[in-house]
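**Student:** Structure: model-v2.json, JSON, C-alpha atoms and all ligand atoms.
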```
[["chain", "number", "residue", "atom", "x", "y", "z"],
["A", 1, "MET", "CA", 10.10, 5.70, -20.75],
["A", 2, "SER", "CA", 9.14, 9.20, -19.54],
["A", 3, "THR", "CA", 10.11, 10.74, -16.20],
["A", 4, "PRO", "CA", 8.77, 9.18, -12.97],
["A", 5, "PRO", "CA", 6.35, 8.80, -11.30],
["A", 6, "PHE", "CA", 5.23, 5.86, -13.44],
["A", 7, "ASN", "CA", 2.91, 4.34, -10.85],
["A", 8, "LEU", "CA", 0.83, 5.28, -7.86],
["A", 9, "VAL", "CA", 1.45, 3.22, -4.73],
["A", 10, "LEU", "CA", -1.01, 3.08, -1.84],
["A", 11, "THR", "CA", 0.54, 1.87, 1.36],
["A", 12, "GLY", "CA", -0.20, 2.08, 5.08],
["A", 13, "PHE", "CA", -1.10, -0.08, 8.04],
["A", 14, "MET", "CA", -3.58, -2.96, 7.89],
["A", 15, "ALA", "CA", -7.22, -1.84, 7.59],
["A", 16, "THR", "CA", -6.49, 1.71, 6.50],
["A", 17, "GLY", "CA", -8.55, 1.21, 3.32],
["A", 18, "LYS", "CA", -5.90, 0.48, 0.69],
["A", 19, "SER", "CA", -7.76, -2.37, -1.03],
["A", 20, "THR", "CA", -11.04, -0.44, -0.98],
["A", 21, "ILE", "CA", -9.67, 2.81, -2.37],
["A", 22, "ALA", "CA", -7.09, 1.54, -4.90],
["A", 23, "PRO", "CA", -9.64, 0.23, -7.48],
["A", 24, "SER", "CA", -11.53, 3.54, -7.56],
["A", 25, "VAL", "CA", -8.28, 5.51, -7.94],
["A", 26, "ALA", "CA", -7.24, 3.16, -10.77],
["A", 27, "ALA", "CA", -10.61, 3.62, -12.49],
["A", 28, "ARG", "CA", -10.24, 7.41, -12.29],
["A", 29, "LEU", "CA", -6.73, 7.37, -13.74],
["A", 30, "GLY", "CA", -7.39, 4.65, -16.30],
["A", 31, "PHE", "CA", -4.61, 2.57, -14.73],
["A", 32, "GLU", "CA", -4.50, -1.12, -13.94],
["A", 33, "CYS", "CA", -5.00, -1.91, -10.25],
["A", 34, "ILE", "CA", -2.71, -4.46, -8.61],
["A", 35, "ASP", "CA", -3.24, -5.60, -5.03],
["A", 36, "THR", "CA", 0.03, -7.21, -3.91],
["A", 37, "ASP", "CA", -1.67, -9.59, -1.46],
["A", 38, "GLN", "CA", -4.11, -10.77, -4.14],
["A", 39, "ALA", "CA", -1.31, -11.12, -6.72],
["A", 40, "ILE", "CA", 0.72, -13.25, -4.31],
["A", 41, "GLU", "CA", -2.30, -15.40, -3.46],
["A", 42, "GLN", "CA", -3.02, -15.96, -7.16],
["A", 43, "ARG", "CA", 0.57, -16.90, -7.93],
["A", 44, "GLN", "CA", 0.86, -19.19, -4.96],
["A", 45, "GLY", "CA", -2.63, -20.68, -5.25],
["A", 46, "ARG", "CA", -3.14, -20.27, -1.49],
["A", 47, "SER", "CA", -4.11, -17.60, 0.99],
["A", 48, "ILE", "CA", -1.73, -15.20, 2.75],
["A", 49, "ALA", "CA", -2.67, -16.92, 6.02],
["A", 50, "SER", "CA", -1.61, -20.30, 4.54],
["A", 51, "ILE", "CA", 1.70, -18.88, 3.28],
["A", 52, "PHE", "CA", 2.45, -17.52, 6.77],
["A", 53, "ALA", "CA", 1.40, -20.80, 8.42],
["A", 54, "GLU", "CA", 3.19, -23.15, 6.01],
["A", 55, "ASP", "CA", 6.31, -21.21, 5.00],
["A", 56, "GLY", "CA", 6.63, -18.46, 7.62],
["A", 57, "GLU", "CA", 6.70, -14.68, 7.42],
["A", 58, "PRO", "CA", 10.21, -14.36, 5.89],
["A", 59, "ALA", "CA", 9.07, -16.43, 2.89],
["A", 60, "PHE", "CA", 6.06, -14.15, 2.46],
["A", 61, "ARG", "CA", 8.30, -11.06, 2.68],
["A", 62, "ALA", "CA", 10.56, -12.49, -0.03],
["A", 63, "LEU", "CA", 7.53, -12.98, -2.32],
["A", 64, "GLU", "CA", 6.46, -9.39, -1.66],
["A", 65, "ALA", "CA", 9.94, -8.02, -2.45],
["A", 66, "THR", "CA", 10.17, -9.95, -5.72],
["A", 67, "LEU", "CA", 6.75, -8.72, -6.77],
["A", 68, "CYS", "CA", 7.70, -5.11, -6.00],
["A", 69, "GLN", "CA", 10.76, -5.42, -8.26],
["A", 70, "GLU", "CA", 8.56, -6.71, -11.08],
["A", 71, "LEU", "CA", 5.86, -4.08, -10.66],
["A", 72, "ALA", "CA", 8.37, -1.23, -10.65],
["A", 73, "GLU", "CA", 9.30, -2.25, -14.22],
["A", 74, "ARG", "CA", 5.75, -1.61, -15.44],
["A", 75, "PRO", "CA", 4.05, 1.77, -15.95],
["A", 76, "GLN", "CA", 0.51, 3.01, -15.23],
["A", 77, "LEU", "CA", -0.35, 0.89, -12.24],
["A", 78, "VAL", "CA", -2.14, 1.67, -9.03],
["A", 79, "ILE", "CA", -0.44, -0.68, -6.59],
["A", 80, "SER", "CA", -2.10, -1.46, -3.28],
["A", 81, "THR", "CA", 0.56, -2.94, -1.00],
["A", 82, "GLY", "CA", 0.21, -5.05, 2.11],
["A", 83, "GLY", "CA", 0.74, -3.16, 5.36],
["A", 84, "GLY", "CA", 4.28, -4.51, 5.76],
["A", 85, "THR", "CA", 5.46, -4.35, 2.15],
["A", 86, "LEU", "CA", 7.29, -1.05, 2.34],
["A", 87, "LEU", "CA", 9.05, -1.92, 5.59],
["A", 88, "ASN", "CA", 11.57, -3.55, 3.27],
["A", 89, "PRO", "CA", 14.06, -0.71, 2.67],
["A", 90, "LYS", "CA", 14.80, -1.84, -0.91],
["A", 91, "SER", "CA", 11.14, -1.96, -1.91],
["A", 92, "ARG", "CA", 10.52, 1.36, -0.18],
["A", 93, "ALA", "CA", 13.43, 3.07, -1.97],
["A", 94, "LEU", "CA", 12.40, 1.54, -5.28],
["A", 95, "PHE", "CA", 8.81, 2.77, -5.10],
["A", 96, "LEU", "CA", 9.81, 6.17, -3.74],
["A", 97, "ARG", "CA", 12.06, 6.56, -6.77],
["A", 98, "THR", "CA", 9.62, 5.36, -9.42],
["A", 99, "SER", "CA", 6.14, 6.02, -8.03],
["A", 100, "LEU", "CA", 3.97, 8.48, -6.19],
["A", 101, "VAL", "CA", 3.70, 6.83, -2.76],
["A", 102, "ILE", "CA", 0.69, 7.70, -0.62],
["A", 103, "CYS", "CA", 0.28, 6.36, 2.89],
["A", 104, "LEU", "CA", -3.23, 5.77, 4.18],
["A", 105, "TRP", "CA", -3.69, 6.23, 7.88],
["A", 106, "ALA", "CA", -6.36, 5.90, 10.58],
["A", 107, "ALA", "CA", -6.49, 6.43, 14.34],
["A", 108, "PRO", "CA", -5.98, 3.32, 16.53],
["A", 109, "GLU", "CA", -9.63, 3.25, 17.63],
["A", 110, "VAL", "CA", -10.73, 3.20, 13.97],
["A", 111, "LEU", "CA", -8.24, 0.42, 13.20],
["A", 112, "GLU", "CA", -9.43, -1.60, 16.19],
["A", 113, "THR", "CA", -13.02, -1.55, 14.94],
["A", 114, "ARG", "CA", -12.06, -2.39, 11.37],
["A", 115, "LEU", "CA", -9.63, -5.15, 12.38],
["A", 116, "SER", "CA", -12.19, -6.77, 14.67],
["A", 117, "GLN", "CA", -14.51, -7.05, 11.65],
["A", 118, "GLY", "CA", -11.99, -8.40, 9.15],
["A", 119, "GLU", "CA", -10.67, -11.93, 9.02],
["A", 120, "GLY", "CA", -7.64, -13.78, 7.67],
["A", 121, "ARG", "CA", -4.88, -11.35, 8.64],
["A", 122, "PRO", "CA", -2.17, -13.45, 10.27],
["A", 123, "LEU", "CA", -0.65, -10.49, 12.14],
["A", 124, "ALA", "CA", -3.92, -8.89, 13.28],
["A", 125, "SER", "CA", -3.62, -10.01, 16.91],
["A", 126, "ALA", "CA", -0.31, -8.15, 17.28],
["A", 127, "TRP", "CA", -1.57, -4.98, 15.61],
["A", 128, "ARG", "CA", -0.95, -2.53, 18.47],
["A", 129, "ALA", "CA", 2.73, -3.42, 18.83],
["A", 130, "LEU", "CA", 3.19, -3.50, 15.06],
["A", 131, "LEU", "CA", 1.60, -0.09, 14.65],
["A", 132, "LYS", "CA", 3.89, 1.37, 17.31],
["A", 133, "SER", "CA", 7.04, -0.05, 15.74],
["A", 134, "ARG", "CA", 6.05, 0.82, 12.18],
["A", 135, "ALA", "CA", 4.63, 4.31, 12.76],
["A", 136, "PRO", "CA", 8.00, 6.08, 12.29],
["A", 137, "ILE", "CA", 8.39, 4.48, 8.86],
["A", 138, "TYR", "CA", 4.87, 5.35, 7.70],
["A", 139, "GLU", "CA", 5.33, 8.89, 9.04],
["A", 140, "GLU", "CA", 8.36, 9.43, 6.83],
["A", 141, "LEU", "CA", 6.39, 8.77, 3.66],
["A", 142, "PRO", "CA", 5.68, 11.90, 1.65],
["A", 143, "HIS", "CA", 1.85, 11.94, 1.60],
["A", 144, "ARG", "CA", -0.59, 10.72, 4.25],
["A", 145, "ILE", "CA", -4.38, 10.56, 4.19],
["A", 146, "ASP", "CA", -6.44, 9.78, 7.29],
["A", 147, "THR", "CA", -9.22, 7.49, 6.06],
["A", 148, "GLY", "CA", -10.96, 7.65, 9.44],
["A", 149, "ARG", "CA", -11.79, 11.28, 8.68],
["A", 150, "CYS", "CA", -13.07, 11.03, 5.13],
["A", 151, "THR", "CA", -15.14, 8.71, 2.95],
["A", 152, "PRO", "CA", -13.49, 6.39, 0.42],
["A", 153, "ALA", "CA", -14.81, 8.68, -2.34],
["A", 154, "GLU", "CA", -13.20, 11.72, -0.71],
["A", 155, "ALA", "CA", -9.92, 9.86, -0.22],
["A", 156, "THR", "CA", -10.03, 8.87, -3.91],
["A", 157, "GLU", "CA", -10.52, 12.49, -4.90],
["A", 158, "ARG", "CA", -7.57, 13.66, -2.82],
["A", 159, "ILE", "CA", -5.32, 10.94, -4.24],
["A", 160, "VAL", "CA", -6.29, 11.77, -7.83],
["A", 161, "GLU", "CA", -5.55, 15.45, -7.09],
["A", 162, "LEU", "CA", -2.13, 14.54, -5.69],
["A", 163, "TRP", "CA", -1.40, 12.47, -8.78],
["A", 164, "LYS", "CA", -2.42, 15.28, -11.14],
["A", 165, "ARG", "CA", -0.36, 17.83, -9.23],
["A", 166, "ARG", "CA", 2.65, 15.56, -9.02],
["A", 167, "SER", "CA", 2.45, 14.53, -12.68],
["A", 168, "SER", "CA", 2.24, 18.11, -13.88],
["A", 169, "THR", "CA", 5.18, 19.12, -11.65],
["A", 170, "GLU", "CA", 7.25, 16.24, -12.97],
["A", 171, "THR", "CA", 6.56, 17.00, -16.63],
["A", 172, "SER", "CA", 6.90, 20.82, -16.44],
["A", 201, "LIG", "C1", 0.48, -7.44, 6.60],
["A", 201, "LIG", "C2", -0.65, -6.87, 6.07],
["A", 201, "LIG", "C3", -1.57, -7.61, 5.20],
["A", 201, "LIG", "C4", -0.84, -8.76, 4.50],
["A", 201, "LIG", "C5", -0.14, -9.61, 5.50],
["A", 201, "LIG", "C6", 0.90, -8.83, 6.30],
["A", 201, "LIG", "C7", 1.35, -6.61, 7.45],
["A", 201, "LIG", "O1", -2.14, -6.76, 4.21],
["A", 201, "LIG", "O2", 0.06, -8.28, 3.55],
["A", 201, "LIG", "O3", -1.09, -10.18, 6.34],
["A", 201, "LIG", "O4", 2.50, -7.01, 7.71],
["A", 201, "LIG", "O5", 0.90, -5.52, 7.87],
["A", 201, "LIG", "P1", -3.21, -5.59, 4.58],
["A", 201, "LIG", "O6", -2.44, -4.38, 4.97],
["A", 201, "LIG", "O7", -3.95, -5.40, 3.28],
["A", 201, "LIG", "O8", -4.09, -6.11, 5.67]]
```
Can you dump the structure from the file as structure tokens?

**Tutor:**
Amino acid sequence: MSTPPFNLVLTGFMATGKSTIAPSVAARLGFECIDTDQAIEQRQGRSIASIFAEDGEPAFRALEATLCQELAERPQLVISTGGGTLLNPKSRALFLRTSLVICLWAAPEVLETRLSQGEGRPLASAWRALLKSRAPIYEELPHRIDTGRCTPAEATERIVELWKRRSSTETS
């Protein structure tokens, strides 16, 4: 296999636009798009909310970590993670080593509006406290894009540019 980055990982808090933007980035790069929440739901044959309700959050986190290990073995993926996926230090280190990791971001007032419109997120009611505790981890990630200040098309463009720049640096 050639030198990393093999994959592009979009991470960030709930409702920052990961699932919206990842497919258009994948289309631009000609990569396969994997949404970790969707992949887990398909494998389990039940929703994320059901997994949380029936098995608890630690069981969901274990499924996420296993999936990250598997995905890191495969090249040419755009991986859209759940908002908590990279809080796992092993998964974070793994993707930072093998992938270009980009963190999507949005101001709290933007998140509040988006989260009030979405459904099925088991941790949505605790979002303010979660954001506060997670912010230091997201802030350490190498690239951040504020999706409250640009359109999904503009965010896609910036991500593709970052990938091209990073890939050419890595191969030169
Ligand atoms: C979670 C975010 C969700 C999903 C699960 C847990 C989190 O994904 O993985 O409900 O811990 O932030 P989104 O970020 O796509 O909402």

**Student:** What does the distance from CA of Leu115 in chain A to atom C4 of ligand LIG 201 (chain A) come to in Å, to one decimal?

**Tutor:**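 Between these atoms lies a distance of 12.3 Å.
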
**Student:** Go ahead and fit an axis-aligned box to every listed atom of ligand LIG 201 (chain A) plus 4 Å each side, and pass me the centre and edge lengths in Å, one decimal, as lines of an AutoDock Vina configuration file.

**Tutor:**
```
center_x = -0.8
center_y = -7.3
center_z = 5.6
size_x = 14.6
size_y = 13.8
size_z = 12.6
```

**Student:** Using only C-alpha atoms, find each residue of range 25-117 of chain A with at least one atom at most 10 Å away from an atom of range 160-163 of chain A; report its shortest atom-to-atom pair and that distance in Å (one decimal), sort the rows by chain and rising residue number, and return the result as JSON lines.

**Tutor:**
```
{"residue": "A:Val25", "atom": "CA", "partner": "A:Val160", "partner_atom": "CA", "distance": 6.6}
{"residue": "A:Ala26", "atom": "CA", "partner": "A:Val160", "partner_atom": "CA", "distance": 9.1}
{"residue": "A:Arg28", "atom": "CA", "partner": "A:Val160", "partner_atom": "CA", "distance": 7.4}
{"residue": "A:Leu29", "atom": "CA", "partner": "A:Val160", "partner_atom": "CA", "distance": 7.4}
{"residue": "A:Ser99", "atom": "CA", "partner": "A:Trp163", "partner_atom": "CA", "distance": 10.0}
{"residue": "A:Leu100", "atom": "CA", "partner": "A:Trp163", "partner_atom": "CA", "distance": 7.2}
{"residue": "A:Val101", "atom": "CA", "partner": "A:Trp163", "partner_atom": "CA", "distance": 9.7}
{"residue": "A:Ile102", "atom": "CA", "partner": "A:Leu162", "partner_atom": "CA", "distance": 9.0}
```

**Student:** Which of these, A:Phe60, A:Phe95, A:Tyr138, A:Trp105, has the shortest distance to Glu41 in chain A once you count all atoms listed in the file?

**Tutor:**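 Selected residue with least distance to Glu41 in chain A: A:Phe60.
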
**Student:** If you count only C-alpha atoms, which residues fall within 12 Å of Gly30 in chain A, apart from same-chain ones fewer than 5 positions away, as a compact mmCIF listing (two decimals) with C-alpha atoms, in the frame of the given file?

**Tutor:**
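Ended up saving to part.txt:
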```
# COMPACT_ATOMS: atom_id res chain seq x y z
CA ASN A 7 2.91 4.34 -10.85
CA LEU A 8 0.83 5.28 -7.86
CA ALA A 22 -7.09 1.54 -4.90
CA PRO A 23 -9.64 0.23 -7.48
CA SER A 24 -11.53 3.54 -7.56
CA VAL A 25 -8.28 5.51 -7.94
CA PRO A 75 4.05 1.77 -15.95
CA GLN A 76 0.51 3.01 -15.23
CA LEU A 77 -0.35 0.89 -12.24
CA VAL A 78 -2.14 1.67 -9.03
CA VAL A 160 -6.29 11.77 -7.83
```

**Student:** Please tell me which residues are no farther than 7 Å from (-5.4, -18.0, 11.5) in the file, counting all atoms listed in the file, and write them as a ChimeraX atom specification.

**Tutor:** /A:49,120,122

**Student:** Please determine, counting all atoms listed in the file, which residue among A:Ser91, A:Thr11, A:Thr156, A:Gln69 has the shortest atom-to-atom distance to ligand LIG 201 (chain A).

**Tutor:**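 Counting all atoms listed in the file, the residue closest to ligand LIG 201 (chain A) is A:Thr11.
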